[in-house]
file final_19.cif (mmCIF, C-alpha atoms and all ligand atoms)
data_coords
#
loop_
_atom_site.label_atom_id
_atom_site.label_comp_id
_atom_site.auth_asym_id
_atom_site.auth_seq_id
_atom_site.Cartn_x
_atom_site.Cartn_y
_atom_site.Cartn_z
CA MET V 1 -7.81 4.25 18.78
CA SER V 2 -8.15 5.53 15.21
CA ARG V 3 -10.11 4.27 12.21
CA LEU V 4 -9.28 4.46 8.53
CA ALA V 5 -12.61 4.17 6.73
CA ILE V 6 -12.96 3.64 2.99
CA LEU V 7 -16.56 3.82 1.86
CA GLY V 8 -17.98 3.17 -1.61
CA LEU V 9 -14.73 4.31 -3.19
CA ALA V 10 -14.80 4.46 -6.98
CA ALA V 11 -11.98 5.83 -9.11
CA ARG V 12 -10.83 5.97 -12.66
CA VAL V 13 -7.51 6.22 -14.37
CA ARG V 14 -7.63 7.92 -17.74
CA ARG V 15 -11.17 7.05 -18.80
CA GLN V 16 -11.33 3.64 -17.24
CA GLU V 17 -13.21 2.88 -14.04
CA ILE V 18 -10.77 0.75 -12.02
CA LEU V 19 -12.21 0.91 -8.49
CA ARG V 20 -15.91 0.30 -8.48
CA GLY V 21 -17.08 0.68 -4.90
CA VAL V 22 -14.52 -0.37 -2.31
CA ASP V 23 -15.56 -0.62 1.35
CA LEU V 24 -12.86 -1.29 3.95
CA GLU V 25 -12.30 -0.25 7.54
CA VAL V 26 -9.05 -0.65 9.41
CA GLY V 27 -8.69 0.17 13.10
CA SER V 28 -5.53 0.86 15.11
CA GLY V 29 -3.62 -2.30 15.88
CA GLU V 30 -5.42 -4.29 13.18
CA VAL V 31 -3.88 -6.04 10.20
CA HIS V 32 -6.06 -6.35 7.12
CA ALA V 33 -4.86 -8.16 4.02
CA LEU V 34 -6.10 -7.20 0.58
CA MET V 35 -5.57 -9.96 -1.96
CA GLY V 36 -6.37 -9.94 -5.63
CA PRO V 37 -5.06 -11.02 -9.03
CA ASN V 38 -2.93 -8.85 -11.31
CA GLY V 39 -4.83 -5.84 -12.52
CA SER V 40 -7.65 -6.05 -9.97
CA GLY V 41 -6.96 -2.49 -8.77
CA LYS V 42 -4.86 -3.07 -5.64
CA SER V 43 -2.16 -0.53 -6.50
CA THR V 44 -4.79 1.83 -7.83
CA LEU V 45 -6.42 1.77 -4.40
CA ALA V 46 -3.03 2.47 -2.78
CA HIS V 47 -2.41 5.38 -5.14
CA VAL V 48 -5.88 6.82 -4.65
CA LEU V 49 -5.43 6.67 -0.87
CA ALA V 50 -2.11 8.50 -1.17
CA GLY V 51 -3.49 11.07 -3.63
CA ARG V 52 -1.35 10.30 -6.64
CA PRO V 53 -2.13 12.68 -9.54
CA GLY V 54 -3.99 11.16 -12.49
CA TYR V 55 -6.32 9.05 -10.35
CA GLU V 56 -9.79 10.54 -10.33
CA VAL V 57 -12.14 9.68 -7.49
CA THR V 58 -15.68 9.43 -8.87
CA ALA V 59 -17.54 8.34 -5.71
CA GLY V 60 -17.09 7.47 -2.07
CA SER V 61 -15.02 8.71 0.82
CA VAL V 62 -11.79 8.02 2.71
CA THR V 63 -11.53 9.30 6.27
CA VAL V 64 -9.25 8.96 9.27
CA ASP V 65 -11.30 9.59 12.41
CA GLY V 66 -13.77 11.57 10.36
CA VAL V 67 -11.14 13.74 8.63
CA ASP V 68 -11.70 13.58 4.87
CA LEU V 69 -8.38 12.54 3.32
CA LEU V 70 -9.56 13.00 -0.26
CA GLU V 71 -9.73 16.76 0.29
CA LEU V 72 -6.07 16.89 1.32
CA PRO V 73 -2.85 17.01 -0.72
CA THR V 74 -0.58 13.99 -0.33
CA TRP V 75 1.72 15.56 2.27
CA ARG V 76 -1.24 16.46 4.48
CA ARG V 77 -2.53 12.89 4.23
CA ALA V 78 0.88 11.81 5.52
CA GLN V 79 0.58 14.29 8.37
CA ALA V 80 -2.88 12.91 9.10
CA GLY V 81 -1.15 9.58 9.76
CA LEU V 82 -1.19 7.64 6.49
CA LEU V 83 1.92 6.06 4.97
CA LEU V 84 2.19 4.11 1.73
CA THR V 85 5.04 1.72 1.03
CA HIS V 86 5.43 1.40 -2.71
CA GLN V 87 5.25 -1.67 -4.88
CA TYR V 88 7.89 -0.04 -7.10
CA PRO V 89 9.90 2.41 -4.94
CA VAL V 90 11.62 5.14 -6.93
CA GLU V 91 15.28 6.12 -6.78
CA VAL V 92 16.04 9.50 -5.21
CA PRO V 93 19.66 10.30 -6.13
CA GLY V 94 21.43 12.70 -3.78
CA VAL V 95 18.96 12.21 -0.92
CA ARG V 96 19.91 9.66 1.73
CA LEU V 97 17.32 7.82 3.80
CA VAL V 98 18.27 9.84 6.87
CA ASP V 99 17.75 13.11 4.93
CA LEU V 100 14.37 11.96 3.69
CA LEU V 101 13.29 10.92 7.18
CA GLU V 102 14.57 14.12 8.74
CA ALA V 103 12.54 16.22 6.30
CA ALA V 104 9.43 14.08 6.80
CA LEU V 105 9.67 14.24 10.60
CA ALA V 106 10.44 17.98 10.59
CA ALA V 107 7.20 18.58 8.65
CA ARG V 108 5.17 17.06 11.48
CA GLU V 109 4.25 18.68 14.74
CA LEU V 110 6.30 16.46 16.99
CA PRO V 111 7.52 17.04 20.52
CA ALA V 112 10.96 18.64 20.94
CA GLY V 113 13.72 16.09 20.63
CA ALA V 114 11.89 13.96 18.04
CA LEU V 115 14.82 14.40 15.66
CA ASP V 116 17.52 13.69 18.23
CA ARG V 117 20.02 11.00 17.28
CA LEU V 118 18.08 10.27 14.11
CA GLY V 119 21.19 8.93 12.37
CA GLU V 120 21.74 6.41 15.15
CA ARG V 121 18.10 5.37 15.13
CA VAL V 122 18.17 4.84 11.38
CA ALA V 123 21.37 2.81 11.65
CA ALA V 124 19.88 0.66 14.41
CA GLU V 125 16.73 0.11 12.38
CA ALA V 126 18.80 -0.84 9.32
CA GLU V 127 20.66 -3.40 11.39
CA ARG V 128 17.43 -4.80 12.77
CA LEU V 129 16.19 -5.21 9.18
CA GLY V 130 19.41 -6.81 7.97
CA MET V 131 20.18 -3.88 5.70
CA PRO V 132 23.91 -3.23 5.06
CA ALA V 133 25.00 0.11 6.60
CA GLU V 134 26.65 1.00 3.27
CA LEU V 135 23.18 1.49 1.75
CA LEU V 136 22.52 4.39 4.13
CA ALA V 137 25.28 6.42 2.49
CA ARG V 138 23.63 6.16 -0.94
CA GLY V 139 20.68 8.06 -2.36
CA VAL V 140 17.35 6.44 -1.40
CA ASN V 141 16.91 3.23 -3.40
CA VAL V 142 19.77 4.08 -5.77
CA GLU V 143 20.82 0.75 -7.23
CA PHE V 144 19.16 -1.12 -4.38
CA SER V 145 18.10 -4.68 -5.14
CA GLY V 146 14.35 -5.43 -4.97
CA GLY V 147 14.77 -6.84 -1.47
CA GLU V 148 16.85 -3.88 -0.31
CA GLN V 149 14.17 -1.49 -1.54
CA LYS V 150 11.51 -3.30 0.49
CA ARG V 151 13.74 -3.21 3.57
CA ALA V 152 14.22 0.54 3.00
CA GLU V 153 10.45 0.99 2.77
CA THR V 154 10.06 -0.91 6.05
CA LEU V 155 12.77 1.21 7.67
CA GLN V 156 10.86 4.37 6.75
CA LEU V 157 7.68 2.86 8.18
CA ALA V 158 9.42 2.01 11.45
CA VAL V 159 11.01 5.45 11.88
CA LEU V 160 7.99 7.50 10.79
CA ALA V 161 5.59 5.41 12.90
CA PRO V 162 2.36 6.46 11.17
CA ALA V 163 -1.12 5.60 12.43
CA PHE V 164 -1.90 3.57 9.27
CA ALA V 165 0.24 1.93 6.63
CA VAL V 166 -0.79 0.69 3.22
CA LEU V 167 1.81 -1.87 2.16
CA ASP V 168 1.71 -2.41 -1.58
CA GLU V 169 3.34 -5.82 -2.07
CA ILE V 170 5.98 -5.31 0.58
CA ASP V 171 6.69 -9.04 0.10
CA SER V 172 7.61 -8.90 -3.59
CA GLY V 173 11.35 -9.19 -4.17
CA LEU V 174 12.00 -10.54 -0.66
CA ASP V 175 13.55 -13.96 -0.14
CA VAL V 176 12.14 -16.19 2.56
CA ASP V 177 14.48 -14.95 5.32
CA ALA V 178 13.99 -11.27 4.44
CA LEU V 179 10.24 -11.85 4.35
CA ARG V 180 10.37 -13.19 7.88
CA THR V 181 12.47 -10.22 9.09
CA VAL V 182 10.28 -7.59 7.42
CA GLY V 183 7.01 -9.32 8.43
CA ALA V 184 8.17 -9.61 12.04
CA ARG V 185 9.24 -5.94 12.15
CA ILE V 186 5.84 -4.81 10.90
CA GLY V 187 4.11 -7.16 13.35
CA ALA V 188 6.13 -5.58 16.19
CA LEU V 189 5.05 -2.09 15.09
CA VAL V 190 1.42 -3.22 15.16
CA ALA V 191 1.82 -4.62 18.68
CA GLU V 192 3.96 -1.80 20.09
CA THR V 193 2.64 1.34 18.39
CA GLY V 194 -0.91 0.33 17.46
CA LEU V 195 -0.11 0.69 13.75
CA GLY V 196 -3.08 -0.25 11.56
CA VAL V 197 -2.08 -2.13 8.40
CA LEU V 198 -3.64 -2.70 5.00
CA ALA V 199 -1.30 -5.27 3.47
CA ILE V 200 -1.74 -5.71 -0.26
CA THR V 201 -0.41 -9.03 -1.47
CA HIS V 202 -0.90 -11.77 -4.06
CA TYR V 203 0.19 -14.54 -1.80
CA ALA V 204 -0.61 -16.02 1.58
CA ARG V 205 3.17 -16.27 2.19
CA LEU V 206 3.47 -12.85 3.87
CA LEU V 207 0.41 -13.60 5.95
CA SER V 208 2.06 -16.60 7.57
CA VAL V 209 4.47 -14.09 9.20
CA LEU V 210 2.24 -11.03 9.52
CA ARG V 211 -0.99 -12.61 10.76
CA PRO V 212 -4.04 -10.73 9.47
CA ASP V 213 -7.17 -10.12 11.53
CA ARG V 214 -9.21 -9.87 8.32
CA VAL V 215 -8.63 -10.85 4.70
CA HIS V 216 -10.40 -9.18 1.77
CA VAL V 217 -10.43 -10.25 -1.86
CA LEU V 218 -10.49 -7.55 -4.53
CA LEU V 219 -11.74 -8.64 -7.95
CA ALA V 220 -12.26 -6.17 -10.77
CA GLY V 221 -12.25 -3.17 -8.45
CA ARG V 222 -14.64 -4.52 -5.80
CA VAL V 223 -14.15 -6.29 -2.49
CA VAL V 224 -16.08 -9.45 -3.29
CA ARG V 225 -15.35 -11.40 -0.12
CA SER V 226 -14.03 -10.76 3.37
CA GLY V 227 -13.18 -13.25 6.06
CA GLY V 228 -10.63 -14.40 8.62
CA PRO V 229 -7.08 -15.61 7.93
CA GLU V 230 -8.46 -18.87 6.52
CA LEU V 231 -9.69 -16.95 3.47
CA ALA V 232 -6.05 -16.37 2.41
CA ASP V 233 -5.43 -20.13 2.48
CA GLU V 234 -8.60 -20.76 0.51
CA VAL V 235 -7.53 -18.22 -2.14
CA GLU V 236 -4.13 -19.88 -2.35
CA ARG V 237 -5.77 -23.29 -2.74
CA ILE V 238 -8.47 -22.57 -5.29
CA GLY V 239 -7.12 -19.48 -7.11
CA TYR V 240 -8.86 -16.27 -8.12
CA GLU V 241 -10.49 -17.66 -11.27
CA ARG V 242 -12.40 -20.31 -9.38
CA LEU V 243 -13.32 -17.90 -6.61
CA ALA V 244 -14.74 -15.48 -9.19
CA ALA V 245 -16.70 -18.30 -10.84
CA GLU V 246 -18.08 -19.52 -7.49
CA LEU V 247 -19.17 -16.00 -6.52
CA GLY V 248 -20.52 -15.30 -10.00
CA VAL V 249 -18.46 -12.10 -10.36
CA GLU V 250 -16.06 -10.77 -12.96
CA LEU V 251 -12.40 -11.65 -12.59
CA ALA V 252 -11.01 -8.63 -14.42
CA VAL V 253 -11.96 -5.01 -15.00
CA PRO V 254 -13.67 -4.77 -18.40
CA PRO V 255 -11.58 -2.95 -21.04
CA PRO V 256 -12.20 0.79 -21.51
CA PRO V 257 -14.37 2.05 -24.36
CA PRO V 258 -12.34 2.35 -27.57
CA GLU V 259 -10.44 5.62 -27.98
CA ARG V 260 -12.07 7.90 -30.57
CA ASP V 261 -9.68 8.45 -33.41
CA PRO V 262 -9.99 12.16 -34.36
CA PHE V 263 -8.88 11.30 -37.91
CA ALA V 264 -11.34 8.46 -38.37
CA ASP V 265 -14.03 8.69 -41.01
CA PRO V 266 -16.83 10.54 -39.16
CA GLY V 267 -19.36 8.37 -41.00
CA PHE V 268 -21.32 11.05 -42.80
N1 LIG T 1 -1.52 5.23 -14.34
C1 LIG T 1 -2.20 4.33 -15.06
N2 LIG T 1 -2.39 4.49 -16.40
C2 LIG T 1 -3.09 3.58 -17.11
N3 LIG T 1 -3.65 2.47 -16.59
C3 LIG T 1 -3.48 2.25 -15.29
C4 LIG T 1 -2.76 3.15 -14.45
N4 LIG T 1 -2.78 2.66 -13.18
C5 LIG T 1 -3.48 1.52 -13.25
N5 LIG T 1 -3.91 1.26 -14.50
C6 LIG T 1 -4.69 0.10 -14.94
O1 LIG T 1 -5.60 -0.22 -13.92
C7 LIG T 1 -5.73 -1.64 -13.78
C8 LIG T 1 -5.42 -2.03 -12.36
O2 LIG T 1 -4.03 -1.83 -12.13
P1 LIG T 1 -3.36 -1.98 -10.69
O3 LIG T 1 -4.17 -1.19 -9.73
O4 LIG T 1 -1.93 -1.64 -10.84
O5 LIG T 1 -3.56 -3.54 -10.41
P2 LIG T 1 -2.92 -4.49 -9.33
O6 LIG T 1 -2.06 -3.66 -8.43
O7 LIG T 1 -4.08 -5.12 -8.64
O8 LIG T 1 -2.13 -5.52 -10.09
C9 LIG T 1 -4.80 -2.25 -14.81
O9 LIG T 1 -5.56 -2.60 -15.94
C10 LIG T 1 -3.82 -1.13 -15.11
O10 LIG T 1 -3.31 -1.23 -16.40
MG MG T 2 -0.05 -3.65 -7.91
#

call {"tool": "encode", "arguments": {"input": "final_19.cif", "output": "structure tokens"}}
result
Amino acid sequence: MSRLAILGLAARVRRQEILRGVDLEVGSGEVHALMGPNGSGKSTLAHVLAGRPGYEVTAGSVTVDGVDLLELPTWRRAQAGLLLTHQYPVEVPGVRLVDLLEAALAARELPAGALDRLGERVAAEAERLGMPAELLARGVNVEFSGGEQKRAETLQLAVLAPAFAVLDEIDSGLDVDALRTVGARIGALVAETGLGVLAITHYARLLSVLRPDRVHVLLAGRVVRSGGPELADEVERIGYERLAAELGVELAVPPPPPERDPFADPGF
């Protein structure tokens, strides 16, 4: 049983404070949903957790079983058991999924035989996810459709079997059948491997397949409300604007201070 603990996390991008004190705890085998409108900081949180350059943590902590992730480079965070599936996966020409997975697994201290029959396992996983085998011969995500990219992200999750996964809009780009397949696969990983999930999404749609234990609403860089699965339905029904008004909180992050123009009249 592991715990991913995010405490008082604040972060800025360029000069703008985007996360303004996020508290979240996810345990093994738990599914937490993080919902919020466009621009509320959901992807920023995902990037900060993964250690993407350019995102500056100004307060708070992120730990897995007491190990401080913020002190570690991205690859060590992955070794510590954290995986991020991207909202916008990038193309990696010349590197097939099996190559990527082989390198990622080889970098971990795994028992002997962990890489055995990797090609077969990847092919079986692709079939389970309804991903055409032809895609496995291409570079990762190269000319994949939106839905194929999200299946490829799910395939990596299934093969790498991390302790915790942050899913940044794994549902976007998926049609209703693909959503069911991907949601069910992730649900099976939770049940079978004890995967802990932080599922970032706009919509309750994903959550009808991947049932969350807890739902959190992020508005303007803060978790303003947490509850059970019914909170997702409430959000869907009333919308973020009304929720913000009812809670008396801001809907959006305030704009950054104006950039100082070095050529402007200094005023003296
Ligand atoms: N790398 C970046 N450079 C500039 N602004 C950014 C960057 N990343 C995020 N932001 C800004 O931070 C805010 C939150 O963005 P994001 O976290 O992507 O929101 P969400 O995923 O909730 O839609 C937005 O105003 C966005 O423009
Ligand atoms: Mg986003």

call {"tool": "closest_residue", "arguments": {"input": "final_19.cif", "among": "V:Arg222, V:Arg138, V:Arg128, V:Arg15", "to": "Glu250 of chain V", "atoms": "only C-alpha atoms"}}
result
V:Arg222

call {"tool": "atom_distance", "arguments": {"input": "final_19.cif", "atom1": "atom CA of Val253 of chain V", "atom2": "atom CA of Gly221 of chain V"}}
result
6.8 Å

call {"tool": "closest_residue", "arguments": {"input": "final_19.cif", "among": "V:Val166, V:Leu101, V:Ala191, V:Leu70", "to": "ligand MG 2 (chain T)", "atoms": "only C-alpha atoms and all ligand atoms"}}
result
V:Val166

call {"tool": "residues_around", "arguments": {"input": "final_19.cif", "residues": "Tyr88 of chain V", "least_positions_apart": "6", "cutoff": "10 Å", "atoms": "all atoms listed in the file", "output": "count of residues only"}}
result
7

call {"tool": "residues_around", "arguments": {"input": "final_19.cif", "residues": "Thr193 of chain V", "least_positions_apart": "2", "cutoff": "9 Å", "atoms": "all atoms listed in the file", "output": "number ranges by chain"}}
result
V: 28-29, 161-163, 188-191, 195

call {"tool": "residues_near_ligand", "arguments": {"input": "final_19.cif", "ligand": "ligand MG 2 (chain T)", "cutoff": "12 Å", "atoms": "only C-alpha atoms and all ligand atoms", "output": "number ranges by chain"}}
result
V: 34-47, 85-88, 166-172, 199-202, 218

call {"tool": "residues_near_point", "arguments": {"input": "final_19.cif", "point": "(-13.6, -1.7, 6.3)", "cutoff": "9 Å", "atoms": "all atoms listed in the file", "output": "ChimeraX atom specification"}}
result
/V:4-7,22-27,32

call {"tool": "closest_residue", "arguments": {"input": "final_19.cif", "among": "V:Glu56, V:Glu143, V:Asp233, V:Asp175", "to": "ligand LIG 1 (chain T)", "atoms": "all atoms listed in the file"}}
result
V:Glu56

call {"tool": "atom_distance", "arguments": {"input": "final_19.cif", "atom1": "atom CA of Ala133 of chain V", "atom2": "atom CA of Gly119 of chain V"}}
result
11.2 Å

call {"tool": "residues_around", "arguments": {"input": "final_19.cif", "residues": "Val92 of chain V", "least_positions_apart": "5", "cutoff": "7 Å", "atoms": "only C-alpha atoms", "output": "list of chain:residue names"}}
result
V:Gly139, V:Val140, V:Asn141, V:Val142

call {"tool": "write_last_selection", "arguments": {"input": "final_19.cif", "atoms": "C-alpha atoms", "output": "PDB file, in the coordinates of the input"}}
result
ATOM      1  CA  GLY V 139      20.680   8.060  -2.360  1.00  0.00           C
ATOM      2  CA  VAL V 140      17.350   6.440  -1.400  1.00  0.00           C
ATOM      3  CA  ASN V 141      16.910   3.230  -3.400  1.00  0.00           C
ATOM      4  CA  VAL V 142      19.770   4.080  -5.770  1.00  0.00           C
TER       5      VAL V 142
END

call {"tool": "closest_residue", "arguments": {"input": "final_19.cif", "among": "V:Gly187, V:Gly248, V:Pro254, V:Gly228", "to": "ligand LIG 1 (chain T)", "atoms": "all atoms listed in the file"}}
result
V:Pro254

call {"tool": "atom_distance", "arguments": {"input": "final_19.cif", "atom1": "atom CA of Leu82 of chain V", "atom2": "atom CA of Leu100 of chain V"}}
result
16.4 Å

call {"tool": "closest_residue", "arguments": {"input": "final_19.cif", "among": "V:Gly66, V:Pro53, V:Pro111, V:Gly21", "to": "ligand LIG 1 (chain T)", "atoms": "all atoms listed in the file"}}
result
V:Pro53

call {"tool": "closest_residue", "arguments": {"input": "final_19.cif", "among": "V:Arg180, V:Glu134, V:Gly173, V:Ile186", "to": "Ala158 of chain V", "atoms": "all atoms listed in the file"}}
result
V:Ile186

call {"tool": "residues_around", "arguments": {"input": "final_19.cif", "residues": "Gly60 of chain V", "least_positions_apart": "2", "cutoff": "7 Å", "atoms": "all atoms listed in the file", "output": "number ranges by chain"}}
result
V: 7-10

call {"tool": "residues_around", "arguments": {"input": "final_19.cif", "residues": "segment 102-105 of chain V", "least_positions_apart": "6", "cutoff": "12 Å", "atoms": "all atoms listed in the file", "output": "list in words"}}
result
Trp75, Arg76, Ala78, Gln79, Gly81, Leu83, Val95, Arg96, Pro111, Ala112, Gly113, Ala114, Leu115, Asp116, Arg117, Leu118, Gly119, Arg121, Val122, Gln156, Leu157, Val159, Leu160, Ala161 and Pro162 of chain V

call {"tool": "decode", "arguments": {"input": "final_19.cif", "residues": "segment 96-188 of chain V", "atoms": "C-alpha atoms", "output": "PDB file, in the first residue's frame"}}
result
ATOM      1  CA  ARG V  96       8.603   2.137 -31.772  1.00  0.00           C
ATOM      2  CA  LEU V  97       6.431   1.567 -28.712  1.00  0.00           C
ATOM      3  CA  VAL V  98       8.247  -1.675 -27.964  1.00  0.00           C
ATOM      4  CA  ASP V  99      11.629   0.139 -28.074  1.00  0.00           C
ATOM      5  CA  LEU V 100      10.363   2.843 -25.748  1.00  0.00           C
ATOM      6  CA  LEU V 101       8.968   0.291 -23.307  1.00  0.00           C
ATOM      7  CA  GLU V 102      12.105  -1.821 -23.424  1.00  0.00           C
ATOM      8  CA  ALA V 103      14.260   1.184 -22.540  1.00  0.00           C
ATOM      9  CA  ALA V 104      11.894   2.260 -19.764  1.00  0.00           C
ATOM     10  CA  LEU V 105      11.754  -1.218 -18.237  1.00  0.00           C
ATOM     11  CA  ALA V 106      15.519  -1.729 -18.563  1.00  0.00           C
ATOM     12  CA  ALA V 107      16.061   1.459 -16.513  1.00  0.00           C
ATOM     13  CA  ARG V 108      14.188  -0.052 -13.579  1.00  0.00           C
ATOM     14  CA  GLU V 109      15.471  -2.590 -11.125  1.00  0.00           C
ATOM     15  CA  LEU V 110      13.213  -5.433 -12.132  1.00  0.00           C
ATOM     16  CA  PRO V 111      13.578  -9.148 -11.555  1.00  0.00           C
ATOM     17  CA  ALA V 112      15.356 -11.175 -14.252  1.00  0.00           C
ATOM     18  CA  GLY V 113      13.026 -12.057 -17.084  1.00  0.00           C
ATOM     19  CA  ALA V 114      11.002  -8.828 -16.849  1.00  0.00           C
ATOM     20  CA  LEU V 115      11.828  -8.086 -20.481  1.00  0.00           C
ATOM     21  CA  ASP V 116      11.092 -11.574 -21.769  1.00  0.00           C
ATOM     22  CA  ARG V 117       8.651 -11.765 -24.674  1.00  0.00           C
ATOM     23  CA  LEU V 118       8.066  -8.030 -24.462  1.00  0.00           C
ATOM     24  CA  GLY V 119       7.082  -7.859 -28.140  1.00  0.00           C
ATOM     25  CA  GLU V 120       4.380 -10.470 -27.601  1.00  0.00           C
ATOM     26  CA  ARG V 121       3.108  -8.727 -24.492  1.00  0.00           C
ATOM     27  CA  VAL V 122       2.899  -5.410 -26.311  1.00  0.00           C
ATOM     28  CA  ALA V 123       1.064  -7.040 -29.218  1.00  0.00           C
ATOM     29  CA  ALA V 124      -1.396  -8.708 -26.845  1.00  0.00           C
ATOM     30  CA  GLU V 125      -1.982  -5.436 -25.032  1.00  0.00           C
ATOM     31  CA  ALA V 126      -2.543  -3.627 -28.353  1.00  0.00           C
ATOM     32  CA  GLU V 127      -5.139  -6.211 -29.303  1.00  0.00           C
ATOM     33  CA  ARG V 128      -6.849  -5.886 -25.949  1.00  0.00           C
ATOM     34  CA  LEU V 129      -7.050  -2.117 -26.520  1.00  0.00           C
ATOM     35  CA  GLY V 130      -8.330  -2.450 -30.075  1.00  0.00           C
ATOM     36  CA  MET V 131      -5.175  -0.927 -31.508  1.00  0.00           C
ATOM     37  CA  PRO V 132      -4.237  -2.097 -35.037  1.00  0.00           C
ATOM     38  CA  ALA V 133      -0.963  -4.106 -34.982  1.00  0.00           C
ATOM     39  CA  GLU V 134       0.302  -1.952 -37.871  1.00  0.00           C
ATOM     40  CA  LEU V 135       0.688   0.963 -35.444  1.00  0.00           C
ATOM     41  CA  LEU V 136       3.330  -0.966 -33.494  1.00  0.00           C
ATOM     42  CA  ALA V 137       5.670  -0.870 -36.487  1.00  0.00           C
ATOM     43  CA  ARG V 138       5.586   2.942 -36.614  1.00  0.00           C
ATOM     44  CA  GLY V 139       7.396   5.475 -34.461  1.00  0.00           C
ATOM     45  CA  VAL V 140       5.487   6.228 -31.238  1.00  0.00           C
ATOM     46  CA  ASN V 141       2.435   8.348 -32.066  1.00  0.00           C
ATOM     47  CA  VAL V 142       3.659   9.098 -35.595  1.00  0.00           C
ATOM     48  CA  GLU V 143       0.536  10.050 -37.509  1.00  0.00           C
ATOM     49  CA  PHE V 144      -1.664   8.364 -34.924  1.00  0.00           C
ATOM     50  CA  SER V 145      -5.214   9.682 -34.668  1.00  0.00           C
ATOM     51  CA  GLY V 146      -6.212  11.286 -31.345  1.00  0.00           C
ATOM     52  CA  GLY V 147      -7.882   8.056 -30.256  1.00  0.00           C
ATOM     53  CA  GLU V 148      -4.899   5.933 -31.291  1.00  0.00           C
ATOM     54  CA  GLN V 149      -2.597   8.163 -29.245  1.00  0.00           C
ATOM     55  CA  LYS V 150      -4.737   7.656 -26.142  1.00  0.00           C
ATOM     56  CA  ARG V 151      -4.756   3.898 -26.708  1.00  0.00           C
ATOM     57  CA  ALA V 152      -0.950   4.018 -27.036  1.00  0.00           C
ATOM     58  CA  GLU V 153      -0.724   5.936 -23.751  1.00  0.00           C
ATOM     59  CA  THR V 154      -2.915   3.294 -22.097  1.00  0.00           C
ATOM     60  CA  LEU V 155      -0.765   0.516 -23.564  1.00  0.00           C
ATOM     61  CA  GLN V 156       2.332   2.074 -21.982  1.00  0.00           C
ATOM     62  CA  LEU V 157       0.507   2.335 -18.664  1.00  0.00           C
ATOM     63  CA  ALA V 158      -0.499  -1.329 -18.798  1.00  0.00           C
ATOM     64  CA  VAL V 159       2.996  -2.595 -19.683  1.00  0.00           C
ATOM     65  CA  LEU V 160       4.925  -0.326 -17.303  1.00  0.00           C
ATOM     66  CA  ALA V 161       2.511  -1.004 -14.421  1.00  0.00           C
ATOM     67  CA  PRO V 162       3.488   1.977 -12.246  1.00  0.00           C
ATOM     68  CA  ALA V 163       2.301   2.495  -8.679  1.00  0.00           C
ATOM     69  CA  PHE V 164       0.498   5.745  -9.615  1.00  0.00           C
ATOM     70  CA  ALA V 165      -0.781   7.173 -12.870  1.00  0.00           C
ATOM     71  CA  VAL V 166      -1.798  10.727 -13.627  1.00  0.00           C
ATOM     72  CA  LEU V 167      -4.083  10.578 -16.652  1.00  0.00           C
ATOM     73  CA  ASP V 168      -4.326  13.966 -18.319  1.00  0.00           C
ATOM     74  CA  GLU V 169      -7.567  13.803 -20.311  1.00  0.00           C
ATOM     75  CA  ILE V 170      -7.108  10.211 -21.397  1.00  0.00           C
ATOM     76  CA  ASP V 171     -10.724  10.472 -22.604  1.00  0.00           C
ATOM     77  CA  SER V 172     -10.226  13.320 -25.079  1.00  0.00           C
ATOM     78  CA  GLY V 173     -10.216  12.122 -28.678  1.00  0.00           C
ATOM     79  CA  LEU V 174     -11.812   8.771 -27.800  1.00  0.00           C
ATOM     80  CA  ASP V 175     -15.153   7.745 -29.254  1.00  0.00           C
ATOM     81  CA  VAL V 176     -17.686   6.095 -26.994  1.00  0.00           C
ATOM     82  CA  ASP V 177     -16.527   2.522 -27.694  1.00  0.00           C
ATOM     83  CA  ALA V 178     -12.829   3.361 -27.302  1.00  0.00           C
ATOM     84  CA  LEU V 179     -13.637   5.191 -24.088  1.00  0.00           C
ATOM     85  CA  ARG V 180     -15.256   2.058 -22.720  1.00  0.00           C
ATOM     86  CA  THR V 181     -12.263  -0.104 -23.748  1.00  0.00           C
ATOM     87  CA  VAL V 182      -9.660   2.271 -22.312  1.00  0.00           C
ATOM     88  CA  GLY V 183     -11.667   2.951 -19.129  1.00  0.00           C
ATOM     89  CA  ALA V 184     -12.185  -0.772 -18.545  1.00  0.00           C
ATOM     90  CA  ARG V 185      -8.472  -1.519 -19.082  1.00  0.00           C
ATOM     91  CA  ILE V 186      -7.470   1.102 -16.532  1.00  0.00           C
ATOM     92  CA  GLY V 187     -10.118  -0.174 -14.109  1.00  0.00           C
ATOM     93  CA  ALA V 188      -8.654  -3.690 -14.461  1.00  0.00           C
TER      94      ALA V 188
END
